[in-house]
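Chemist: Hey, dropping start-v1.txt in here, compact mmCIF, C-alpha atoms (C1' of nucleotides):
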```
# COMPACT_ATOMS: atom_id res chain seq x y z
CA MET A 1 0.00 0.00 0.00
CA LEU A 2 1.11 3.49 -0.82
CA SER A 3 1.30 5.57 2.34
CA LYS A 4 -0.63 8.80 2.68
CA LYS A 5 2.69 10.49 3.10
CA THR A 6 3.78 9.44 -0.37
CA LYS A 7 0.45 10.18 -1.94
CA TYR A 8 0.31 13.65 -0.40
CA GLY A 9 3.92 14.26 -1.31
CA LEU A 10 3.34 13.41 -4.95
CA LYS A 11 0.27 15.60 -5.09
CA ALA A 12 2.15 18.48 -3.54
CA LEU A 13 5.05 18.14 -5.96
CA THR A 14 2.62 18.09 -8.85
CA PHE A 15 0.94 21.19 -7.51
CA ILE A 16 4.23 23.02 -7.24
CA ALA A 17 5.29 21.92 -10.72
CA ARG A 18 2.08 23.27 -12.17
CA SER A 19 2.34 26.60 -10.43
CA GLU A 20 3.34 29.07 -13.05
CA SER A 21 4.65 32.02 -11.09
CA ASP A 22 8.24 31.95 -9.91
CA MET A 23 7.21 32.78 -6.36
CA PRO A 24 7.61 29.92 -3.88
CA VAL A 25 4.41 28.04 -3.07
CA GLN A 26 3.10 28.06 0.49
CA VAL A 27 2.18 24.94 2.41
CA SER A 28 -1.17 26.43 3.31
CA VAL A 29 -2.08 26.92 -0.34
CA ILE A 30 -1.21 23.34 -1.26
CA ALA A 31 -2.93 21.92 1.80
CA LYS A 32 -6.14 23.75 1.04
CA SER A 33 -6.19 22.96 -2.64
CA GLU A 34 -5.28 19.30 -2.30
CA GLN A 35 -7.22 18.61 0.88
CA ILE A 36 -4.23 17.60 2.92
CA PRO A 37 -3.91 18.27 6.68
CA GLN A 38 -1.56 21.22 6.76
CA LYS A 39 0.63 20.18 9.67
CA PHE A 40 1.08 16.75 8.18
CA LEU A 41 2.03 18.25 4.85
CA GLU A 42 4.57 20.52 6.51
CA GLY A 43 6.51 17.49 7.63
CA ILE A 44 6.36 15.89 4.21
CA LEU A 45 7.66 18.95 2.41
CA LEU A 46 10.39 19.24 4.98
CA THR A 47 11.53 15.73 4.11
CA LEU A 48 11.50 16.57 0.43
CA ARG A 49 13.55 19.67 1.10
CA LYS A 50 16.11 17.80 3.18
CA SER A 51 16.49 15.29 0.38
CA GLY A 52 17.28 18.07 -2.05
CA ILE A 53 14.22 17.78 -4.25
CA LEU A 54 12.62 20.95 -2.94
CA GLY A 55 14.11 24.23 -1.84
CA SER A 56 12.47 26.60 0.58
CA LYS A 57 12.33 30.22 1.53
CA LYS A 58 11.46 31.19 5.08
CA GLY A 59 9.44 34.09 6.42
CA LYS A 60 6.74 36.17 4.84
CA HIS A 61 6.16 35.33 1.19
CA GLY A 62 8.22 32.21 1.75
CA GLY A 63 7.35 28.75 0.57
CA TYR A 64 8.66 25.80 -1.41
CA TYR A 65 10.00 25.51 -4.94
CA LEU A 66 11.52 22.80 -7.11
CA ARG A 67 15.29 22.54 -7.21
CA SER A 68 15.28 21.12 -10.73
CA LEU A 69 13.07 21.16 -13.79
CA PRO A 70 10.06 18.86 -13.45
CA SER A 71 11.38 16.89 -16.42
CA GLU A 72 14.53 16.16 -14.45
CA ILE A 73 12.88 14.96 -11.27
CA LYS A 74 12.62 11.20 -11.55
CA MET A 75 10.11 9.12 -9.70
CA THR A 76 12.82 6.75 -8.51
CA ASP A 77 14.24 9.54 -6.38
CA VAL A 78 10.91 10.86 -5.18
CA MET A 79 9.60 7.43 -4.26
CA ARG A 80 12.75 6.48 -2.39
CA VAL A 81 12.55 9.64 -0.32
CA LEU A 82 8.87 9.37 0.44
CA GLU A 83 8.13 5.66 0.49
CA GLY A 84 11.53 4.14 1.13
CA PRO A 85 12.90 1.11 -0.73
CA ILE A 86 11.27 0.28 -4.04
CA ALA A 87 11.89 -3.44 -3.64
CA MET A 88 9.32 -5.45 -1.75
CA VAL A 89 11.97 -7.37 0.20
CA PRO A 90 15.26 -6.03 1.54
CA CYS A 91 17.20 -8.90 -0.05
CA VAL A 92 16.48 -7.54 -3.54
CA SER A 93 16.84 -3.86 -2.68
CA LEU A 94 19.52 -1.99 -4.60
CA ASN A 95 19.81 0.84 -2.11
CA TYR A 96 18.86 -0.81 1.16
CA TYR A 97 20.08 -4.38 0.78
CA GLU A 98 19.76 -6.68 3.76
CA LYS A 99 20.16 -10.42 4.01
CA CYS A 100 17.14 -12.43 5.10
CA ASP A 101 17.38 -14.21 8.44
CA ASP A 102 15.65 -17.28 7.14
CA CYS A 103 17.39 -17.71 3.79
CA PRO A 104 20.52 -19.86 3.77
CA ASP A 105 21.12 -19.15 0.08
CA GLU A 106 19.22 -16.37 -1.56
CA HIS A 107 20.09 -17.46 -5.08
CA LYS A 108 18.05 -20.57 -4.47
CA CYS A 109 15.14 -18.68 -2.94
CA SER A 110 11.99 -18.73 -5.02
CA VAL A 111 10.68 -15.52 -3.49
CA HIS A 112 13.91 -13.73 -4.28
CA LYS A 113 13.67 -14.39 -8.01
CA LEU A 114 10.08 -13.28 -8.23
CA MET A 115 10.72 -10.12 -6.28
CA ILE A 116 13.66 -9.20 -8.48
CA GLU A 117 11.33 -9.28 -11.45
CA VAL A 118 8.78 -7.11 -9.73
CA ARG A 119 11.45 -4.68 -8.64
CA ASP A 120 12.88 -4.38 -12.14
CA ASN A 121 9.51 -3.68 -13.67
CA THR A 122 8.61 -1.13 -11.05
CA LEU A 123 11.99 0.53 -11.41
CA LYS A 124 11.47 0.74 -15.14
CA VAL A 125 8.27 2.70 -14.59
CA PHE A 126 9.79 5.02 -12.01
CA ARG A 127 12.92 5.62 -14.09
CA ASN A 128 10.87 6.53 -17.13
CA THR A 129 8.51 8.84 -15.30
CA THR A 130 9.34 12.36 -14.24
CA LEU A 131 7.43 14.98 -12.36
CA ALA A 132 6.71 16.60 -15.71
CA ASP A 133 4.82 13.48 -16.75
CA LEU A 134 2.81 13.48 -13.55
CA SER A 135 2.00 17.14 -13.92
CA GLY A 136 1.02 16.89 -17.55
CA ILE A 137 3.42 19.61 -18.60
CA MET B 1 6.96 -4.34 1.92
CA LEU B 2 6.12 -7.95 1.45
CA SER B 3 4.63 -9.34 4.64
CA LYS B 4 6.15 -12.35 6.34
CA LYS B 5 2.86 -14.04 5.77
CA THR B 6 3.24 -13.79 2.01
CA LYS B 7 6.88 -14.69 2.06
CA TYR B 8 6.28 -17.75 4.21
CA GLY B 9 3.28 -18.71 2.11
CA LEU B 10 5.26 -18.58 -1.11
CA LYS B 11 8.05 -20.63 0.40
CA ALA B 12 5.60 -23.20 1.67
CA LEU B 13 3.88 -23.49 -1.70
CA THR B 14 7.24 -23.94 -3.36
CA PHE B 15 8.13 -26.62 -0.87
CA ILE B 16 4.91 -28.51 -1.53
CA ALA B 17 5.33 -28.18 -5.28
CA ARG B 18 8.78 -29.67 -5.06
CA SER B 19 7.73 -32.59 -2.90
CA GLU B 20 7.71 -35.59 -5.13
CA SER B 21 5.61 -38.11 -3.27
CA ASP B 22 1.86 -37.95 -3.60
CA MET B 23 1.37 -37.96 0.16
CA PRO B 24 0.19 -34.67 1.64
CA VAL B 25 2.90 -32.55 3.22
CA GLN B 26 2.73 -31.74 6.91
CA VAL B 27 3.00 -28.26 8.34
CA SER B 28 5.65 -29.40 10.76
CA VAL B 29 7.88 -30.60 7.95
CA ILE B 30 7.61 -27.35 6.03
CA ALA B 31 8.07 -25.25 9.16
CA LYS B 32 11.25 -27.06 10.08
CA SER B 33 12.74 -27.05 6.63
CA GLU B 34 11.92 -23.43 5.82
CA GLN B 35 12.52 -22.02 9.29
CA ILE B 36 9.01 -20.74 9.73
CA PRO B 37 7.22 -20.64 13.12
CA GLN B 38 4.89 -23.61 12.90
CA LYS B 39 1.81 -22.07 14.46
CA PHE B 40 2.12 -19.05 12.24
CA LEU B 41 2.47 -21.24 9.19
CA GLU B 42 -0.63 -23.22 10.19
CA GLY B 43 -2.72 -20.11 9.79
CA ILE B 44 -1.18 -19.25 6.45
CA LEU B 45 -1.80 -22.67 4.96
CA LEU B 46 -5.34 -22.55 6.28
CA THR B 47 -5.89 -19.35 4.34
CA LEU B 48 -4.48 -20.92 1.21
CA ARG B 49 -6.75 -23.89 1.66
CA LYS B 50 -9.83 -21.75 2.15
CA SER B 51 -9.00 -19.88 -1.03
CA GLY B 52 -8.90 -23.14 -2.96
CA ILE B 53 -5.23 -23.17 -3.79
CA LEU B 54 -4.40 -25.93 -1.33
CA GLY B 55 -6.33 -28.98 -0.27
CA SER B 56 -5.86 -30.73 3.06
CA LYS B 57 -6.28 -34.04 4.70
CA LYS B 58 -6.89 -34.17 8.42
CA GLY B 59 -5.72 -36.59 11.06
CA LYS B 60 -2.74 -38.88 11.13
CA HIS B 61 -0.76 -38.84 7.89
CA GLY B 62 -2.67 -35.76 6.93
CA GLY B 63 -1.24 -32.60 5.49
CA TYR B 64 -1.54 -30.19 2.59
CA TYR B 65 -1.40 -30.69 -1.16
CA LEU B 66 -1.83 -28.56 -4.27
CA ARG B 67 -5.24 -28.50 -5.87
CA SER B 68 -3.81 -27.83 -9.35
CA LEU B 69 -0.61 -28.40 -11.21
CA PRO B 70 2.13 -25.97 -10.22
CA SER B 71 2.16 -24.69 -13.80
CA GLU B 72 -1.48 -23.71 -13.41
CA ILE B 73 -1.14 -21.81 -10.16
CA LYS B 74 -0.62 -18.18 -11.09
CA MET B 75 1.07 -15.65 -8.87
CA THR B 76 -1.81 -13.22 -9.34
CA ASP B 77 -4.05 -15.57 -7.41
CA VAL B 78 -1.52 -16.46 -4.77
CA MET B 79 -0.52 -12.86 -4.15
CA ARG B 80 -4.11 -11.69 -3.89
CA VAL B 81 -4.85 -14.35 -1.30
CA LEU B 82 -1.73 -13.76 0.76
CA GLU B 83 -0.93 -10.10 0.34
CA GLY B 84 -4.25 -8.61 -0.70
CA PRO B 85 -4.66 -6.12 -3.54
CA ILE B 86 -1.84 -5.92 -6.06
CA ALA B 87 -2.41 -2.23 -6.70
CA MET B 88 -0.70 0.26 -4.42
CA VAL B 89 -3.81 2.42 -4.10
CA PRO B 90 -7.42 1.24 -3.90
CA CYS B 91 -8.47 3.63 -6.66
CA VAL B 92 -6.50 1.61 -9.24
CA SER B 93 -7.32 -1.82 -7.86
CA LEU B 94 -9.12 -4.15 -10.24
CA ASN B 95 -10.48 -6.41 -7.53
CA TYR B 96 -10.81 -4.09 -4.56
CA TYR B 97 -11.63 -0.73 -6.11
CA GLU B 98 -12.42 2.16 -3.79
CA LYS B 99 -12.71 5.84 -4.51
CA CYS B 100 -10.27 8.16 -2.74
CA ASP B 101 -11.70 10.58 -0.21
CA ASP B 102 -9.50 13.40 -1.33
CA CYS B 103 -9.75 13.03 -5.10
CA PRO B 104 -12.53 14.98 -6.78
CA ASP B 105 -11.69 13.52 -10.21
CA GLU B 106 -9.41 10.55 -10.34
CA HIS B 107 -8.80 10.85 -14.06
CA LYS B 108 -7.03 14.10 -13.37
CA CYS B 109 -5.05 12.69 -10.46
CA SER B 110 -1.34 12.46 -11.12
CA VAL B 111 -0.85 9.69 -8.58
CA HIS B 112 -3.60 7.64 -10.18
CA LYS B 113 -1.91 7.53 -13.55
CA LEU B 114 1.45 6.54 -12.13
CA MET B 115 -0.04 3.83 -9.99
CA ILE B 116 -1.91 2.34 -12.93
CA GLU B 117 1.38 1.92 -14.72
CA VAL B 118 2.98 0.27 -11.71
CA ARG B 119 -0.01 -2.01 -11.27
CA ASP B 120 0.02 -3.07 -14.92
CA ASN B 121 3.68 -3.92 -14.83
CA THR B 122 3.40 -5.85 -11.61
CA LEU B 123 0.36 -7.69 -12.91
CA LYS B 124 2.28 -8.64 -16.02
CA VAL B 125 4.92 -10.30 -13.88
CA PHE B 126 2.42 -12.11 -11.67
CA ARG B 127 0.34 -13.27 -14.63
CA ASN B 128 3.36 -14.69 -16.38
CA THR B 129 4.72 -16.47 -13.35
CA THR B 130 3.38 -19.73 -11.99
CA LEU B 131 4.31 -21.83 -9.01
CA ALA B 132 6.19 -24.07 -11.42
CA ASP B 133 8.48 -21.16 -12.27
CA LEU B 134 9.08 -20.42 -8.61
CA SER B 135 9.81 -24.05 -7.87
CA GLY B 136 12.14 -24.51 -10.80
CA ILE B 137 10.23 -27.49 -12.14
C1' DT C 1 11.16 48.53 15.02
C1' DG C 2 7.21 45.75 15.38
C1' DT C 3 4.21 42.42 13.55
C1' DA C 4 2.42 39.08 10.75
C1' DA C 5 3.46 35.34 7.84
C1' DT C 6 6.00 31.59 6.94
C1' DC C 7 9.06 27.59 7.37
C1' DC C 8 11.30 24.56 10.94
C1' DC C 9 11.57 21.23 14.69
C1' DT C 10 10.36 18.05 18.45
C1' DA C 11 7.34 15.51 20.93
C1' DC C 12 3.19 13.20 21.55
C1' DT C 13 -0.88 10.12 20.52
C1' DA C 14 -4.62 7.01 18.75
C1' DA C 15 -5.56 3.48 15.64
C1' DA C 16 -4.30 -0.12 12.72
C1' DT C 17 -1.34 -3.80 11.25
C1' DT C 18 1.98 -7.38 11.79
C1' DG C 19 4.02 -11.36 13.52
C1' DA C 20 3.52 -14.05 16.31
C1' DT C 21 1.81 -17.40 20.63
C1' DA C 22 -1.60 -20.23 23.40
C1' DG C 23 -4.84 -23.58 24.00
C1' DG C 24 -7.60 -26.51 22.66
C1' DA C 25 -11.45 -28.89 19.21
C1' DT C 26 -11.86 -32.01 15.53
C1' DT C 27 -10.65 -35.71 12.53
C1' DA C 28 -8.53 -39.90 10.95
C1' DA C 29 -5.08 -43.92 10.94
C1' DT C 30 -3.38 -47.59 13.52
C1' DA D 1 -7.93 -45.87 22.69
C1' DT D 2 -3.95 -43.48 21.21
C1' DT D 3 -1.56 -40.65 18.43
C1' DA D 4 -0.86 -37.37 14.93
C1' DA D 5 -2.48 -34.21 12.27
C1' DT D 6 -5.49 -30.14 10.75
C1' DC D 7 -8.68 -26.55 12.34
C1' DC D 8 -10.25 -22.58 14.97
C1' DT D 9 -10.42 -18.60 18.18
C1' DA D 10 -8.44 -15.49 21.16
C1' DT D 11 -4.80 -12.82 22.72
C1' DC D 12 -0.59 -9.98 22.67
C1' DA D 13 3.64 -7.03 21.98
C1' DA D 14 5.94 -4.32 18.73
C1' DT D 15 5.83 -1.42 14.97
C1' DT D 16 4.04 1.73 11.71
C1' DT D 17 0.89 5.18 10.22
C1' DA D 18 -1.55 9.35 10.21
C1' DG D 19 -2.10 13.00 12.44
C1' DT D 20 -1.97 16.80 16.35
C1' DA D 21 0.18 20.24 19.44
C1' DG D 22 3.07 23.78 20.50
C1' DG D 23 6.14 26.56 19.76
C1' DG D 24 11.06 28.48 17.58
C1' DA D 25 13.40 30.92 13.90
C1' DT D 26 13.37 33.80 9.97
C1' DT D 27 11.90 37.24 6.78
C1' DA D 28 9.03 41.01 4.42
C1' DC D 29 7.17 45.02 5.01
C1' DA D 30 4.51 48.86 7.28
```
Give the structure from the file, written as structure tokens.

Modeler:
Amino acid sequence: MLSKKTKYGLKALTFIARSESDMPVQVSVIAKSEQIPQKFLEGILLTLRKSGILGSKKGKHGGYYLRSLPSEIKMTDVMRVLEGPIAMVPCVSLNYYEKCDDCPDEHKCSVHKLMIEVRDNTLKVFRNTTLADLSGI
Amino acid sequence: MLSKKTKYGLKALTFIARSESDMPVQVSVIAKSEQIPQKFLEGILLTLRKSGILGSKKGKHGGYYLRSLPSEIKMTDVMRVLEGPIAMVPCVSLNYYEKCDDCPDEHKCSVHKLMIEVRDNTLKVFRNTTLADLSGI
DNA sequence: TGTAATCCCTACTAAATTGATAGGATTAAT
DNA sequence: ATTAATCCTATCAATTTAGTAGGGATTACA
């Protein structure tokens, strides 16, 4: 299941990408428009900023803005920041690999093989999709 | 994340598929061999039986057996029984569709489109993979 | 210089889910 | 009868999720 955090995060990024002015976009504006609890969204955008996807400006007339062009923001990066590993099991994760306790030899593990296939197909989608695609721009 | 339930279930199915004799396979044997807590596994196999994937025989010399050939047991069915919906959001689920609270029009939702792509690719993998593939037979 | 608007940060909490465990009821072979 | 198995229900601790609360720090602008 996709977490609300990820869903809200994607919606917020889309909103920012679609905003035409070059002024930063305020959390309150996004929260209202996308029906997201504002305080919850604050935390999400903070995470996205810390990861380098968003930049921010504090104080009056502050807000958030994209650090790159929408067409250069890949879903692989966004999803890893918001949702964590893309793989469904740590033993097939590229970025967060972990050995399974119960698997003596993972190359013989039937689950392993299946999950590698799923991971590769999901990665393909996320690698070929940018924020520009999501935003329809 | 794949739940332990699903992981254990897949391993158990593989184990049964590989067992050559036509005697039913006992939970205790699978649990020991695959390092799965036996009581936990009992519940999982029960679920698989109720869904029609496994059959069982009670009493002494009882156990579980496949109801179809491994090559006819598709991962779509197994995954739906063990893990639930394949889609990452209910609004793109084929079998468990639910409208999102926060989405006025899901055809305009950026998350929706992305998640349909992920779902289709994952489905493709699960549709093209059978228990025979997992079991290497 | 003051004030309002805005992001930033930490801590807390309720509800749901997960990964089990416990204890027995039922069934069937010997 | 005894033994070995599935079947069933209840319970539980740990974790995660989704959100709330309360304020601190920074900036624009009157």

Chemist: If you take all atoms listed in the file and a cut-off of 7 Å, which residues of chain D touch chain A, and what are their nearest atom pairs and distances in Å to one decimal, in chain and number order, as JSON lines?

Modeler:
```
{"residue": "D:DG19", "atom": "C1'", "partner": "A:Phe40", "partner_atom": "CA", "distance": 6.5}
{"residue": "D:DT26", "atom": "C1'", "partner": "A:Gly59", "partner_atom": "CA", "distance": 5.3}
{"residue": "D:DT27", "atom": "C1'", "partner": "A:Gly59", "partner_atom": "CA", "distance": 4.0}
{"residue": "D:DA28", "atom": "C1'", "partner": "A:Lys60", "partner_atom": "CA", "distance": 5.4}
```

Chemist: Need to verify the contact set: Thr6 of chain A, 7 Å, all atoms listed in the file, exclusion of same-chain residues closer than 3 positions in sequence. Can you return it as a count of residues only?

Modeler: 6

Chemist: Output the coordinates of chain A after least-squares fitting to chain B on all in-order C-alpha pairs, as a short mmCIF file (atom, residue, chain, number, x, y, z; two decimals) with C-alpha atoms, in the coordinates of the input.

Modeler:
```cif
data_model
loop_
_atom_site.label_atom_id
_atom_site.label_comp_id
_atom_site.auth_asym_id
_atom_site.auth_seq_id
_atom_site.Cartn_x
_atom_site.Cartn_y
_atom_site.Cartn_z
CA MET A 1 6.98 -4.32 1.88
CA LEU A 2 6.13 -7.95 1.43
CA SER A 3 4.64 -9.34 4.63
CA LYS A 4 6.14 -12.34 6.35
CA LYS A 5 2.85 -14.05 5.79
CA THR A 6 3.24 -13.78 2.03
CA LYS A 7 6.88 -14.69 2.06
CA TYR A 8 6.27 -17.76 4.22
CA GLY A 9 3.27 -18.69 2.12
CA LEU A 10 5.25 -18.59 -1.10
CA LYS A 11 8.04 -20.63 0.42
CA ALA A 12 5.59 -23.21 1.68
CA LEU A 13 3.87 -23.49 -1.69
CA THR A 14 7.23 -23.94 -3.35
CA PHE A 15 8.12 -26.62 -0.86
CA ILE A 16 4.91 -28.49 -1.51
CA ALA A 17 5.33 -28.18 -5.28
CA ARG A 18 8.79 -29.67 -5.06
CA SER A 19 7.74 -32.57 -2.91
CA GLU A 20 7.73 -35.57 -5.14
CA SER A 21 5.64 -38.10 -3.28
CA ASP A 22 1.88 -37.94 -3.63
CA MET A 23 1.41 -37.98 0.13
CA PRO A 24 0.20 -34.69 1.62
CA VAL A 25 2.92 -32.55 3.20
CA GLN A 26 2.74 -31.78 6.91
CA VAL A 27 2.98 -28.29 8.35
CA SER A 28 5.65 -29.42 10.76
CA VAL A 29 7.88 -30.62 7.94
CA ILE A 30 7.59 -27.35 6.03
CA ALA A 31 8.05 -25.25 9.16
CA LYS A 32 11.22 -27.06 10.10
CA SER A 33 12.73 -27.05 6.65
CA GLU A 34 11.91 -23.44 5.84
CA GLN A 35 12.49 -22.03 9.31
CA ILE A 36 8.99 -20.74 9.78
CA PRO A 37 7.21 -20.64 13.17
CA GLN A 38 4.89 -23.60 12.94
CA LYS A 39 1.79 -22.08 14.49
CA PHE A 40 2.10 -19.05 12.27
CA LEU A 41 2.45 -21.24 9.21
CA GLU A 42 -0.63 -23.23 10.19
CA GLY A 43 -2.72 -20.11 9.82
CA ILE A 44 -1.19 -19.25 6.47
CA LEU A 45 -1.82 -22.67 4.98
CA LEU A 46 -5.34 -22.53 6.29
CA THR A 47 -5.90 -19.33 4.34
CA LEU A 48 -4.48 -20.91 1.22
CA ARG A 49 -6.76 -23.89 1.67
CA LYS A 50 -9.85 -21.74 2.16
CA SER A 51 -9.00 -19.88 -1.02
CA GLY A 52 -8.91 -23.13 -2.94
CA ILE A 53 -5.22 -23.17 -3.79
CA LEU A 54 -4.39 -25.93 -1.33
CA GLY A 55 -6.33 -28.98 -0.25
CA SER A 56 -5.86 -30.72 3.05
CA LYS A 57 -6.25 -34.06 4.71
CA LYS A 58 -6.87 -34.24 8.43
CA GLY A 59 -5.65 -36.71 11.02
CA LYS A 60 -2.64 -38.96 11.08
CA HIS A 61 -0.66 -38.87 7.85
CA GLY A 62 -2.64 -35.79 6.91
CA GLY A 63 -1.23 -32.61 5.47
CA TYR A 64 -1.55 -30.19 2.58
CA TYR A 65 -1.40 -30.69 -1.17
CA LEU A 66 -1.84 -28.56 -4.27
CA ARG A 67 -5.26 -28.48 -5.88
CA SER A 68 -3.83 -27.82 -9.33
CA LEU A 69 -0.61 -28.40 -11.21
CA PRO A 70 2.13 -25.95 -10.21
CA SER A 71 2.15 -24.70 -13.80
CA GLU A 72 -1.48 -23.71 -13.40
CA ILE A 73 -1.15 -21.81 -10.15
CA LYS A 74 -0.64 -18.18 -11.08
CA MET A 75 1.04 -15.66 -8.87
CA THR A 76 -1.81 -13.21 -9.35
CA ASP A 77 -4.06 -15.56 -7.41
CA VAL A 78 -1.52 -16.46 -4.76
CA MET A 79 -0.52 -12.86 -4.14
CA ARG A 80 -4.11 -11.68 -3.88
CA VAL A 81 -4.86 -14.33 -1.29
CA LEU A 82 -1.76 -13.76 0.77
CA GLU A 83 -0.94 -10.09 0.33
CA GLY A 84 -4.25 -8.61 -0.72
CA PRO A 85 -4.66 -6.09 -3.55
CA ILE A 86 -1.84 -5.90 -6.06
CA ALA A 87 -2.41 -2.20 -6.71
CA MET A 88 -0.69 0.26 -4.43
CA VAL A 89 -3.81 2.43 -4.10
CA PRO A 90 -7.41 1.26 -3.90
CA CYS A 91 -8.46 3.65 -6.67
CA VAL A 92 -6.50 1.63 -9.25
CA SER A 93 -7.32 -1.80 -7.86
CA LEU A 94 -9.12 -4.14 -10.24
CA ASN A 95 -10.48 -6.40 -7.53
CA TYR A 96 -10.80 -4.08 -4.56
CA TYR A 97 -11.63 -0.72 -6.11
CA GLU A 98 -12.39 2.16 -3.79
CA LYS A 99 -12.70 5.85 -4.49
CA CYS A 100 -10.25 8.17 -2.75
CA ASP A 101 -11.69 10.59 -0.21
CA ASP A 102 -9.46 13.39 -1.34
CA CYS A 103 -9.75 13.05 -5.12
CA PRO A 104 -12.53 15.02 -6.79
CA ASP A 105 -11.68 13.53 -10.19
CA GLU A 106 -9.42 10.56 -10.35
CA HIS A 107 -8.81 10.86 -14.08
CA LYS A 108 -7.03 14.11 -13.38
CA CYS A 109 -5.03 12.70 -10.49
CA SER A 110 -1.32 12.45 -11.15
CA VAL A 111 -0.84 9.69 -8.60
CA HIS A 112 -3.58 7.64 -10.19
CA LYS A 113 -1.89 7.52 -13.59
CA LEU A 114 1.46 6.54 -12.16
CA MET A 115 -0.02 3.83 -10.01
CA ILE A 116 -1.92 2.35 -12.93
CA GLU A 117 1.38 1.91 -14.72
CA VAL A 118 2.97 0.26 -11.73
CA ARG A 119 -0.01 -2.01 -11.29
CA ASP A 120 0.01 -3.08 -14.93
CA ASN A 121 3.68 -3.94 -14.85
CA THR A 122 3.39 -5.86 -11.62
CA LEU A 123 0.34 -7.69 -12.91
CA LYS A 124 2.26 -8.65 -16.02
CA VAL A 125 4.91 -10.32 -13.88
CA PHE A 126 2.41 -12.12 -11.67
CA ARG A 127 0.31 -13.26 -14.63
CA ASN A 128 3.34 -14.69 -16.38
CA THR A 129 4.70 -16.48 -13.34
CA THR A 130 3.38 -19.73 -11.98
CA LEU A 131 4.29 -21.83 -9.01
CA ALA A 132 6.19 -24.07 -11.41
CA ASP A 133 8.46 -21.16 -12.25
CA LEU A 134 9.07 -20.41 -8.60
CA SER A 135 9.81 -24.03 -7.86
CA GLY A 136 12.13 -24.50 -10.80
CA ILE A 137 10.21 -27.47 -12.11
#
```

Chemist: Should the cut-off be 6 Å, what would the residue list for chain C against chain B look like, counting all atoms listed in the file, as a list in words?

Modeler: DT27, DA28 and DA29 of chain C

Chemist: Show me which bits of chain B are within 8 Å of chain A, counting all atoms listed in the file, as a ChimeraX atom specification.

Modeler: /B:1-2,7,10-11,14,34-36,87-89,102,110-111,113-114,117-118,121-122,125,134-135

Chemist: For the atom pair atom CA of Lys50 of chain B and atom CA of Cys100 of chain A, what is the interatomic distance in Å to one decimal place?

Modeler: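 Those two atoms sit 28.7 Å apart.
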
Chemist: Need to verify the contact set: DC12 of chain C, 12 Å, only C-alpha atoms (C1' of nucleotides), exclusion of same-chain residues closer than 4 positions in sequence. Can you return it as a PDB file with C-alpha atoms (C1' of nucleotides), in the coordinates of the input?

Modeler:
```pdb
ATOM      1  C1'  DG D  19      -2.100  13.000  12.440  1.00  0.00           C
ATOM      2  C1'  DT D  20      -1.970  16.800  16.350  1.00  0.00           C
ATOM      3  C1'  DA D  21       0.180  20.240  19.440  1.00  0.00           C
ATOM      4  C1'  DG D  22       3.070  23.780  20.500  1.00  0.00           C
TER       5       DG D  22
END
```

Chemist: Between atom CA of Ala12 of chain A and atom CA of Ile30 of chain A, what distance in Å does the model show, to one decimal?

Modeler: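 Computed distance, atom CA of Ala12 of chain A to atom CA of Ile30 of chain A, equals 6.3 Å.
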
Chemist: I want to know what sits within 10 Å of segment 9-15 of chain D, based on all atoms listed in the file, with residues of the same chain fewer than 5 positions away left out; could you give that as a list in words?

Modeler: DT17, DT18, DG19, DA20, DT21, DA22, DG23 and DG24 of chain C

Chemist: How far is it from atom CA of Asp77 of chain A to atom CA of Glu42 of chain A, in Å with one decimal?

Modeler: 19.5 Å
